[in-house]
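J.: Dropping in protein.pdb, which is PDB, C-alpha atoms:
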ATOM      1  CA  MET A   1      -2.405  10.566  88.655
ATOM      2  CA  LEU A   2      -4.385  12.784  86.299
ATOM      3  CA  GLU A   3      -2.308  15.816  87.261
ATOM      4  CA  SER A   4       0.736  14.366  85.484
ATOM      5  CA  ILE A   5      -0.920  14.757  82.077
ATOM      6  CA  TYR A   6      -1.570  18.469  82.496
ATOM      7  CA  PRO A   7       2.002  19.594  81.616
ATOM      8  CA  VAL A   8       2.000  17.377  78.529
ATOM      9  CA  ALA A   9      -1.356  18.757  77.394
ATOM     10  CA  ALA A  10      -0.197  22.327  78.005
ATOM     11  CA  ILE A  11       2.986  21.791  75.988
ATOM     12  CA  CYS A  12       1.049  20.242  73.089
ATOM     13  CA  ALA A  13      -1.491  23.070  73.103
ATOM     14  CA  GLY A  14       1.257  25.691  73.145
ATOM     15  CA  ALA A  15       3.093  23.959  70.284
ATOM     16  CA  CYS A  16      -0.101  23.890  68.217
ATOM     17  CA  CYS A  17      -0.658  27.599  68.828
ATOM     18  CA  VAL A  18       2.921  28.429  67.808
ATOM     19  CA  ILE A  19       2.636  26.367  64.625
ATOM     20  CA  ALA A  20      -0.677  28.055  63.754
ATOM     21  CA  ILE A  21       0.775  31.513  64.281
ATOM     22  CA  ILE A  22       3.814  30.702  62.136
ATOM     23  CA  ALA A  23       1.604  29.263  59.382
ATOM     24  CA  ILE A  24      -0.676  32.331  59.340
ATOM     25  CA  GLY A  25       2.266  34.733  59.346
ATOM     26  CA  ASP A  26       4.049  32.755  56.634
ATOM     27  CA  ASN A  27       1.101  33.219  54.252
ATOM     28  CA  PRO A  28      -0.804  36.477  54.874
ATOM     29  CA  ARG A  29      -3.597  35.451  52.490
ATOM     30  CA  GLY A  30      -4.576  32.492  54.640
ATOM     31  CA  ILE A  31      -3.531  28.974  55.526
ATOM     32  CA  ASP A  32      -2.777  26.736  52.554
ATOM     33  CA  ALA A  33      -1.143  23.554  53.821
ATOM     34  CA  LEU A  34      -0.357  22.166  50.369
ATOM     35  CA  THR A  35       1.335  25.390  49.261
ATOM     36  CA  TRP A  36       3.128  25.696  52.574
ATOM     37  CA  LEU A  37       4.587  22.178  52.355
ATOM     38  CA  GLU A  38       5.388  22.198  48.632
ATOM     39  CA  ARG A  39       6.563  25.783  48.146
ATOM     40  CA  THR A  40      10.069  24.778  47.164
ATOM     41  CA  ARG A  41       8.725  22.601  44.353
ATOM     42  CA  HIS A  42       7.496  25.649  42.423
ATOM     43  CA  ALA A  43      10.010  27.287  40.139
ATOM     44  CA  GLU A  44       8.368  30.681  40.028
ATOM     45  CA  VAL A  45       7.850  33.043  42.955
ATOM     46  CA  GLY A  46       4.319  34.320  43.395
ATOM     47  CA  PRO A  47       3.280  37.956  43.478
ATOM     48  CA  SER A  48       3.436  37.957  47.279
ATOM     49  CA  SER A  49       7.203  37.138  47.191
ATOM     50  CA  GLU A  50       6.733  34.056  49.336
ATOM     51  CA  ALA A  51       9.924  32.427  50.591
ATOM     52  CA  PRO A  52      10.406  28.616  50.715
ATOM     53  CA  GLY A  53       8.696  26.945  53.636
ATOM     54  CA  GLN A  54      10.652  26.114  56.746
ATOM     55  CA  TRP A  55       9.620  22.467  56.590
ATOM     56  CA  SER A  56      10.870  22.002  53.026
ATOM     57  CA  ARG A  57      14.084  23.843  53.813
ATOM     58  CA  ALA A  58      14.731  21.625  56.831
ATOM     59  CA  LEU A  59      14.148  18.473  54.782
ATOM     60  CA  ARG A  60      16.472  19.698  52.057
ATOM     61  CA  ILE A  61      19.244  20.624  54.492
ATOM     62  CA  THR A  62      19.140  17.300  56.333
ATOM     63  CA  GLY A  63      19.107  15.312  53.075
ATOM     64  CA  VAL A  64      15.776  13.660  53.879
ATOM     65  CA  GLN A  65      13.977  15.242  50.923
ATOM     66  CA  SER A  66      16.090  13.594  48.217
ATOM     67  CA  ARG A  67      15.942  10.207  49.927
ATOM     68  CA  LEU A  68      12.173  10.405  50.415
ATOM     69  CA  ALA A  69      11.676  11.592  46.820
ATOM     70  CA  ASP A  70      13.604   8.565  45.562
ATOM     71  CA  LEU A  71      11.597   6.142  47.732
ATOM     72  CA  VAL A  72       8.263   7.734  46.788
ATOM     73  CA  GLU A  73       9.160   7.515  43.105
ATOM     74  CA  ARG A  74      10.146   3.855  43.459
ATOM     75  CA  ALA A  75       6.858   3.134  45.241
ATOM     76  CA  GLY A  76       4.865   4.817  42.470
ATOM     77  CA  TRP A  77       3.115   7.213  44.845
ATOM     78  CA  LYS A  78       2.017  10.711  43.861
ATOM     79  CA  GLU A  79       2.634  12.225  47.284
ATOM     80  CA  SER A  80       5.394  14.758  47.798
ATOM     81  CA  PRO A  81       8.201  14.133  50.335
ATOM     82  CA  GLU A  82       7.016  17.102  52.403
ATOM     83  CA  ARG A  83       3.500  15.764  52.812
ATOM     84  CA  LEU A  84       4.709  12.247  53.560
ATOM     85  CA  SER A  85       7.160  13.415  56.224
ATOM     86  CA  ALA A  86       4.535  15.729  57.727
ATOM     87  CA  PHE A  87       2.097  12.818  57.939
ATOM     88  CA  ALA A  88       4.740  10.622  59.616
ATOM     89  CA  VAL A  89       5.570  13.329  62.157
ATOM     90  CA  GLY A  90       1.885  13.982  62.844
ATOM     91  CA  LEU A  91       1.165  10.284  63.312
ATOM     92  CA  SER A  92       4.138   9.922  65.645
ATOM     93  CA  GLY A  93       2.982  12.899  67.706
ATOM     94  CA  CYS A  94      -0.547  11.498  67.988
ATOM     95  CA  LEU A  95       0.739   8.091  69.096
ATOM     96  CA  ALA A  96       3.080   9.738  71.609
ATOM     97  CA  VAL A  97       0.242  11.794  73.129
ATOM     98  CA  ILE A  98      -1.978   8.686  73.274
ATOM     99  CA  GLY A  99       0.808   6.765  75.005
ATOM    100  CA  ALA A 100       1.353   9.527  77.572
ATOM    101  CA  ALA A 101      -2.392   9.821  78.233
ATOM    102  CA  SER A 102      -2.755   6.047  78.614
ATOM    103  CA  ALA A 103       0.139   5.912  81.061
ATOM    104  CA  SER A 104      -1.342   8.729  83.121
ATOM    105  CA  ILE A 105      -4.849   7.267  83.195
ATOM    106  CA  LEU A 106      -3.724   3.724  83.984
ATOM    107  CA  GLY A 107      -1.221   4.887  86.559
ATOM    108  CA  LEU A 108       1.816   3.446  84.815
ATOM    109  CA  ALA A 109       5.317   4.655  85.620
ATOM    110  CA  GLY A 110       6.723   4.176  82.106
ATOM    111  CA  ALA A 111       5.148   7.218  80.433
ATOM    112  CA  PRO A 112       8.432   8.299  78.733
ATOM    113  CA  VAL A 113       8.847   4.784  77.381
ATOM    114  CA  LEU A 114       5.343   4.829  75.906
ATOM    115  CA  VAL A 115       5.978   8.258  74.402
ATOM    116  CA  ALA A 116       9.196   7.011  72.785
ATOM    117  CA  ILE A 117       7.393   3.924  71.495
ATOM    118  CA  GLY A 118       4.671   6.138  69.998
ATOM    119  CA  LEU A 119       7.211   8.385  68.272
ATOM    120  CA  ALA A 120       9.087   5.425  66.841
ATOM    121  CA  GLY A 121       5.876   3.604  65.947
ATOM    122  CA  GLY A 122       4.510   6.403  63.755
ATOM    123  CA  ILE A 123       7.701   6.676  61.726
ATOM    124  CA  GLY A 124       8.035   2.888  61.595
ATOM    125  CA  LEU A 125       4.497   2.418  60.270
ATOM    126  CA  CYS A 126       5.034   4.975  57.494
ATOM    127  CA  SER A 127       8.380   3.408  56.591
ATOM    128  CA  LEU A 128       6.836  -0.068  56.533
ATOM    129  CA  ALA A 129       4.007   1.099  54.266
ATOM    130  CA  LEU A 130       6.476   2.797  51.912
ATOM    131  CA  HIS A 131       8.757  -0.231  51.601
ATOM    132  CA  SER A 132       5.745  -2.535  51.177
ATOM    133  CA  ALA A 133       4.549  -0.365  48.288
ATOM    134  CA  ILE A 134       8.022  -0.531  46.705
ATOM    135  CA  ALA A 135       8.121  -4.337  46.969
ATOM    136  CA  SER A 136       4.570  -4.646  45.618
ATOM    137  CA  ARG A 137       5.369  -2.441  42.640
ATOM    138  CA  ARG A 138       8.556  -4.421  41.941
ATOM    139  CA  ARG A 139       6.619  -7.696  41.907
ATOM    140  CA  ARG A 140       3.922  -6.226  39.667
ATOM    141  CA  LEU A 141       6.419  -4.931  37.114
ATOM    142  CA  ALA A 142       8.306  -8.245  37.127
ATOM    143  CA  ALA A 143       5.018 -10.050  36.445
ATOM    144  CA  GLU A 144       4.197  -7.642  33.577
ATOM    145  CA  LEU A 145       7.591  -8.316  32.010
ATOM    146  CA  ILE A 146       6.807 -11.977  31.226
ATOM    147  CA  PRO A 147       3.897 -11.431  28.759
ATOM    148  CA  LEU A 148       5.794  -8.520  27.234
ATOM    149  CA  LEU A 149       8.782 -10.752  26.498
ATOM    150  CA  GLU A 150       6.609 -13.531  25.104
ATOM    151  CA  LEU A 151       4.876 -11.173  22.693
ATOM    152  CA  PHE A 152       8.256  -9.657  21.901
ATOM    153  CA  THR A 153       9.563 -13.049  20.767
ATOM    154  CA  LEU A 154       6.550 -13.476  18.481
ATOM    155  CA  GLU A 155       7.173 -10.098  16.879
ATOM    156  CA  LEU A 156      10.883 -10.839  16.455
ATOM    157  CA  SER A 157      10.155 -14.176  14.807
ATOM    158  CA  GLY A 158       8.250 -12.294  12.097
ATOM    159  CA  GLY A 159      11.292 -10.236  11.188
ATOM    160  CA  GLY A 160      12.155  -6.580  11.679
ATOM    161  CA  SER A 161      14.309  -4.704  14.124
ATOM    162  CA  ALA A 162      14.190  -5.274  17.859
ATOM    163  CA  LEU A 163      13.181  -1.732  18.784
ATOM    164  CA  SER A 164      10.343  -1.602  16.272
ATOM    165  CA  ALA A 165       9.058  -4.976  17.507
ATOM    166  CA  LEU A 166       9.274  -3.800  21.105
ATOM    167  CA  GLY A 167       7.409  -0.615  20.198
ATOM    168  CA  THR A 168       4.636  -2.654  18.571
ATOM    169  CA  VAL A 169       4.342  -4.903  21.608
ATOM    170  CA  SER A 170       4.283  -1.991  24.068
ATOM    171  CA  THR A 171       1.379  -0.380  22.204
ATOM    172  CA  LYS A 172      -0.669  -3.589  22.412
ATOM    173  CA  LEU A 173      -0.199  -4.144  26.146
ATOM    174  CA  GLN A 174      -1.773  -2.278  29.047
ATOM    175  CA  GLY A 175       0.234  -1.715  32.196
ATOM    176  CA  GLU A 176       2.818   0.472  33.840
ATOM    177  CA  LEU A 177       5.800  -1.351  32.332
ATOM    178  CA  ALA A 178       4.432  -1.058  28.800
ATOM    179  CA  ARG A 179       3.818   2.666  29.300
ATOM    180  CA  ASP A 180       7.354   3.188  30.577
ATOM    181  CA  VAL A 181       8.811   1.245  27.635
ATOM    182  CA  ARG A 182       6.833   3.378  25.174
ATOM    183  CA  ARG A 183       8.031   6.513  26.934
ATOM    184  CA  PHE A 184      11.661   5.380  26.743
ATOM    185  CA  LEU A 185      11.310   4.510  23.059
ATOM    186  CA  ILE A 186       9.828   7.902  22.218
ATOM    187  CA  ALA A 187      12.476   9.751  24.225
ATOM    188  CA  SER A 188      15.313   7.806  22.591
ATOM    189  CA  GLN A 189      14.179   8.879  19.100
ATOM    190  CA  VAL A 190      15.356  12.442  19.746
ATOM    191  CA  VAL A 191      18.703  13.201  18.143
ATOM    192  CA  GLY A 192      21.542  13.238  20.673
ATOM    193  CA  SER A 193      19.471  11.706  23.470
ATOM    194  CA  VAL A 194      20.379   8.748  25.677
ATOM    195  CA  PRO A 195      19.940   5.385  23.899
ATOM    196  CA  PHE A 196      16.997   3.201  24.758
ATOM    197  CA  GLU A 197      19.168   0.472  26.261
ATOM    198  CA  SER A 198      20.825   2.901  28.678
ATOM    199  CA  ARG A 199      17.440   4.241  29.773
ATOM    200  CA  LEU A 200      16.159   0.726  30.314
ATOM    201  CA  LEU A 201      19.279  -0.225  32.279
ATOM    202  CA  ARG A 202      18.952   2.768  34.602
ATOM    203  CA  TYR A 203      15.266   1.958  35.023
ATOM    204  CA  SER A 204      16.098  -1.590  36.122
ATOM    205  CA  GLU A 205      18.779  -0.388  38.537
ATOM    206  CA  HIS A 206      16.414   2.187  40.024
ATOM    207  CA  LEU A 207      13.656  -0.370  40.636
ATOM    208  CA  ASP A 208      16.022  -3.285  41.366
ATOM    209  CA  ILE A 209      14.601  -5.616  38.686
ATOM    210  CA  PRO A 210      17.504  -7.642  37.193
ATOM    211  CA  PRO A 211      15.480  -9.213  34.280
ATOM    212  CA  ILE A 212      14.942  -5.753  32.777
ATOM    213  CA  ALA A 213      18.709  -5.201  32.908
ATOM    214  CA  SER A 214      19.162  -8.532  31.103
ATOM    215  CA  LEU A 215      16.758  -7.385  28.388
ATOM    216  CA  ALA A 216      18.683  -4.122  28.028
ATOM    217  CA  THR A 217      21.950  -6.065  27.695
ATOM    218  CA  ILE A 218      20.462  -8.313  24.989
ATOM    219  CA  LEU A 219      19.188  -5.314  23.022
ATOM    220  CA  ALA A 220      22.514  -3.480  23.366
ATOM    221  CA  ALA A 221      24.449  -6.517  22.094
ATOM    222  CA  SER A 222      22.037  -6.884  19.188
ATOM    223  CA  ARG A 223      22.473  -3.246  18.206
ATOM    224  CA  GLU A 224      26.253  -3.051  18.594
ATOM    225  CA  TYR A 225      27.307  -6.450  17.236
ATOM    226  CA  GLY A 226      24.421  -7.232  14.898
ATOM    227  CA  THR A 227      23.512 -10.462  16.661
ATOM    228  CA  GLY A 228      19.950 -11.704  16.758
ATOM    229  CA  ALA A 229      17.967 -10.892  19.881
ATOM    230  CA  LEU A 230      15.369 -13.622  19.394
ATOM    231  CA  GLN A 231      17.223 -16.446  21.130
ATOM    232  CA  GLY A 232      18.272 -14.309  24.095
ATOM    233  CA  VAL A 233      14.803 -12.865  24.640
ATOM    234  CA  ARG A 234      13.228 -16.313  24.310
ATOM    235  CA  ALA A 235      15.628 -17.800  26.862
ATOM    236  CA  LEU A 236      14.978 -14.899  29.235
ATOM    237  CA  ALA A 237      11.197 -15.315  28.927
ATOM    238  CA  THR A 238      11.512 -19.071  29.539
ATOM    239  CA  ASP A 239      13.637 -18.543  32.651
ATOM    240  CA  LEU A 240      11.207 -15.986  34.039
ATOM    241  CA  ARG A 241       8.232 -18.250  33.372
ATOM    242  CA  HIS A 242       9.966 -21.165  35.145
ATOM    243  CA  ALA A 243      10.870 -18.906  38.082
ATOM    244  CA  GLN A 244       7.256 -17.743  38.300
ATOM    245  CA  ARG A 245       6.075 -21.359  38.311
ATOM    246  CA  ARG A 246       8.507 -22.249  41.097
ATOM    247  CA  ASP A 247       7.363 -19.267  43.146
ATOM    248  CA  LEU A 248       3.751 -20.295  42.648
ATOM    249  CA  ILE A 249       4.489 -23.854  43.808
ATOM    250  CA  THR A 250       6.353 -22.562  46.862
ATOM    251  CA  HIS A 251       3.518 -20.183  47.713
ATOM    252  CA  SER A 252       0.959 -22.994  47.328
ATOM    253  CA  ARG A 253       2.921 -25.239  49.680
ATOM    254  CA  LYS A 254       3.154 -22.481  52.268
ATOM    255  CA  ALA A 255      -0.568 -21.811  51.979
ATOM    256  CA  LEU A 256      -1.287 -25.535  52.390
ATOM    257  CA  ASN A 257       0.876 -25.651  55.517
ATOM    258  CA  HIS A 258      -0.906 -22.617  56.914
ATOM    259  CA  VAL A 259      -4.224 -24.432  56.455
ATOM    260  CA  LEU A 260      -3.198 -27.904  57.603
ATOM    261  CA  LEU A 261      -1.433 -26.856  60.804
ATOM    262  CA  PRO A 262      -4.405 -24.997  62.356
ATOM    263  CA  ALA A 263      -6.720 -27.758  61.145
ATOM    264  CA  GLY A 264      -4.545 -30.415  62.798
ATOM    265  CA  VAL A 265      -4.353 -28.506  66.065
ATOM    266  CA  GLY A 266      -7.961 -27.329  66.171
ATOM    267  CA  VAL A 267      -9.741 -30.369  64.698
ATOM    268  CA  LEU A 268      -7.555 -33.465  64.881
ATOM    269  CA  LEU A 269      -6.443 -33.136  68.503
ATOM    270  CA  PRO A 270      -9.979 -32.582  69.892
ATOM    271  CA  PHE A 271     -11.211 -35.509  67.743
ATOM    272  CA  LEU A 272      -8.502 -37.789  69.149
ATOM    273  CA  ALA A 273      -9.346 -36.624  72.671
ATOM    274  CA  VAL A 274     -13.036 -37.481  72.182
ATOM    275  CA  VAL A 275     -12.245 -40.890  70.649
ATOM    276  CA  MET A 276      -9.641 -41.844  73.257
ATOM    277  CA  PHE A 277     -11.592 -40.592  76.287
ATOM    278  CA  PRO A 278     -13.568 -43.853  76.914
ATOM    279  CA  ALA A 279     -10.443 -45.992  76.576
ATOM    280  CA  VAL A 280      -8.478 -43.753  78.914
ATOM    281  CA  THR A 281     -11.238 -43.714  81.556
ATOM    282  CA  ALA A 282     -11.601 -47.499  81.354
ATOM    283  CA  LEU A 283      -7.851 -47.972  81.743
ATOM    284  CA  GLN A 284      -7.867 -45.611  84.713
ATOM    285  CA  HIS A 285     -10.626 -47.628  86.461
ATOM    286  CA  ASN A 286      -8.781 -50.904  85.808
ATOM    287  CA  LEU A 287      -5.572 -49.518  87.242
ATOM    288  CA  GLN A 288      -7.369 -48.382  90.382
TER     289      GLN A 288
END
Show the structure stored in the file as C-alpha cells.

T.:
Amino acid sequence: MLESIYPVAAICAGACCVIAIIAIGDNPRGIDALTWLERTRHAEVGPSSEAPGQWSRALRITGVQSRLADLVERAGWKESPERLSAFAVGLSGCLAVIGAASASILGLAGAPVLVAIGLAGGIGLCSLALHSAIASRRRRLAAELIPLLELFTLELSGGGSALSALGTVSTKLQGELARDVRRFLIASQVVGSVPFESRLLRYSEHLDIPPIASLATILAASREYGTGALQGVRALATDLRHAQRRDLITHSRKALNHVLLPAGVGVLLPFLAVVMFPAVTALQHNLQ
C-alpha cells in the first residue's frame, strides 16, 4: 500500500522545485516572498525593472483580488489579498497531502475523496475565519455606536451644530468607530469634497450596519431642512439600547439552557437511577 503514495510525493516534490526555480528567476537578487506576492501593489517600478508577479496577475484577471480586498477591508485585517490567498492555497495543499498519505498508510480506497476534502477544507477554513472576523467587527462597531450616540445627545442638548457636537464626542471616545468618524469629519472639511453624511452612509453600507445609516439620514435631514437632530438621535440611541438589552436577555437564556441541559442529563438522571434502584429491585423480587 505504501507504493501508492510515491507518485503523489514525486509530483509534490517536482511542483515545489518548479515553484522555487520560478521564484528565483523572477527575482535575480534573491527570494522575497512579500515582494513577490505584493508586487502589483507598488506604483513605482524598481531599478531591476521587475514585472508584476504571476500570482497577483492571476488573482486580478480572475476577479478574486478585488473581492478578497473588499472582504479583508471589511474584516479589518492588514493582510493583502495575495498573502491571504497564498495561505489558503498552501493550507489546502497541506491538507490534501495529509489526506492522501493517511489513505495510503491506512489502506483506504478513497484517497481522491480525502484529497478533495483536504482541498476544500483549507479554503473553507480560511473563508470561515474571514467571515467570522467580519461579523465580529460588525458587532463591535455596533456596540461602540451606542455610547457615541448617548454622548452625542448630551452635546446636542447643550446647543451648537450637530457636526461640531459629533466632532467633540469623537475626540473624547476611544475606539475604531470614533476614529473613523473623526477621519470622515476631517475629510469633509475640504472644499468640494463629499459631505460627511454621504461618507457615513457609504461606510454603513460597506459594513452592513443599518443604525449608522439611520444616523447619517438624521444628520442629512438636519442639515438640509434645518430640523433638530436631538430627538432623532435620542430615539435611535434608545432603540439601540433596548435592542442590546433584548440580545443580552436572549443570550443569557441560551447560556442557561446550555448549562441546565447537560446538568440534567449528567447529574439528575444518575441521581434518579441511584434513588430508584432499591425500589426497582424490590419490585422485581416481589413480581418474581

J.: Give the answer as one residue: which of A:Met276, A:Ile134, A:Ala142, A:Leu166 has the shortest atom-to-atom distance to Pro211 in chain A, using all atoms listed in the file?

T.: A:Ala142

J.: Quick one: apply the PyMOL selection byres ((chain A and resi 81) around 7) to the file and drop the selected residues here as a list of chain:residue names.

T.: A:Gln65, A:Leu68, A:Ala69, A:Glu79, A:Ser80, A:Glu82, A:Arg83, A:Leu84, A:Ser85

J.: Selection in question (the file shown): the PyMOL selection byres ((chain A and resi 136-138) around 8). Which residues does it include, as an mmCIF file with C-alpha atoms, in the frame of the given file?

T.:
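The new file expr_32.cif reads:
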data_model
loop_
_atom_site.group_PDB
_atom_site.id
_atom_site.type_symbol
_atom_site.label_atom_id
_atom_site.label_comp_id
_atom_site.auth_asym_id
_atom_site.auth_seq_id
_atom_site.Cartn_x
_atom_site.Cartn_y
_atom_site.Cartn_z
ATOM 1 C CA ARG A 74 10.146 3.855 43.459
ATOM 2 C CA ALA A 75 6.858 3.134 45.241
ATOM 3 C CA GLY A 76 4.865 4.817 42.470
ATOM 4 C CA SER A 132 5.745 -2.535 51.177
ATOM 5 C CA ALA A 133 4.549 -0.365 48.288
ATOM 6 C CA ILE A 134 8.022 -0.531 46.705
ATOM 7 C CA ALA A 135 8.121 -4.337 46.969
ATOM 8 C CA ARG A 139 6.619 -7.696 41.907
ATOM 9 C CA ARG A 140 3.922 -6.226 39.667
ATOM 10 C CA LEU A 141 6.419 -4.931 37.114
ATOM 11 C CA ALA A 142 8.306 -8.245 37.127
ATOM 12 C CA LEU A 207 13.656 -0.370 40.636
ATOM 13 C CA ASP A 208 16.022 -3.285 41.366
ATOM 14 C CA ILE A 209 14.601 -5.616 38.686
#

J.: Given all atoms listed in the file as the basis, pick out the residue of A:Gly226, A:Asp180, A:Glu150, A:Leu163 nearest to Glu197 in chain A.

T.: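 Under the stated criterion, the closest residue is A:Leu163.
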
J.: Could you work out how far CA of Leu71 in chain A lies from CA of Ile98 in chain A, giving the answer in Å with one decimal?

T.: 29.0 Å

J.: Closest to Ser222 in chain A among A:Ser161, A:Thr153, A:Ser66, A:Ser204, using only C-alpha atoms?

T.: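 Answer, going by the shortest atom-to-atom distance: A:Ser161.
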
J.: Starting from the shown file, work through the PyMOL selection byres ((chain A and resi 119) around 9) and note down what comes out as a PDB file with C-alpha atoms, in the coordinates of the input.

T.:
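Contents of the output file selection-v1.pdb:
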ATOM      1  CA  VAL A  89       5.570  13.329  62.157  1.00  0.00           C
ATOM      2  CA  LEU A  91       1.165  10.284  63.312  1.00  0.00           C
ATOM      3  CA  SER A  92       4.138   9.922  65.645  1.00  0.00           C
ATOM      4  CA  GLY A  93       2.982  12.899  67.706  1.00  0.00           C
ATOM      5  CA  CYS A  94      -0.547  11.498  67.988  1.00  0.00           C
ATOM      6  CA  LEU A  95       0.739   8.091  69.096  1.00  0.00           C
ATOM      7  CA  ALA A  96       3.080   9.738  71.609  1.00  0.00           C
ATOM      8  CA  LEU A 114       5.343   4.829  75.906  1.00  0.00           C
ATOM      9  CA  VAL A 115       5.978   8.258  74.402  1.00  0.00           C
ATOM     10  CA  ALA A 116       9.196   7.011  72.785  1.00  0.00           C
ATOM     11  CA  ILE A 117       7.393   3.924  71.495  1.00  0.00           C
ATOM     12  CA  GLY A 118       4.671   6.138  69.998  1.00  0.00           C
ATOM     13  CA  ALA A 120       9.087   5.425  66.841  1.00  0.00           C
ATOM     14  CA  GLY A 121       5.876   3.604  65.947  1.00  0.00           C
ATOM     15  CA  GLY A 122       4.510   6.403  63.755  1.00  0.00           C
ATOM     16  CA  ILE A 123       7.701   6.676  61.726  1.00  0.00           C
ATOM     17  CA  GLY A 124       8.035   2.888  61.595  1.00  0.00           C
TER      18      GLY A 124
END

J.: Name all residues at most 12 Å from Leu219 in chain A (count all atoms listed in the file; drop same-chain ones fewer than 6 positions away) and give them as a list of chain:residue names.

T.: A:Phe152, A:Leu156, A:Ser161, A:Ala162, A:Leu163, A:Ser164, A:Ala165, A:Leu166, A:Pro195, A:Phe196, A:Glu197, A:Ser198, A:Arg199, A:Leu200, A:Leu201, A:Ile212, A:Ala213, A:Tyr225, A:Gly226, A:Thr227, A:Gly228, A:Ala229, A:Leu230, A:Gln231, A:Gly232, A:Val233

J.: How many Å separate CA of Val181 in chain A from CA of Ile218 in chain A?

T.: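 It comes out at 15.3 Å.
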
J.: Quick one: pull the distance between CA of Ala101 in chain A and CA of Val113 in chain A, Å, one decimal.

T.: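 Atom-to-atom, CA of Ala101 in chain A and CA of Val113 in chain A are spaced 12.3 Å apart.
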
J.: From the set A:Ala220, A:Val194, A:Leu240, A:Val97, which residue has the shortest atom-to-atom contact distance to Glu144 in chain A, counting all atoms listed in the file?

T.: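 Using all atoms listed in the file, Glu144 in chain A sits closest to A:Leu240.
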
J.: Residues near Pro147 in chain A, anyone? I mean within 12 Å using only C-alpha atoms, not counting same-chain ones fewer than 6 positions away, as a VMD selection string.

T.: chain A and resid 141 153 to 154 169 to 170 172 to 175 177 to 178 233 to 234 236 to 238 240 to 241 244
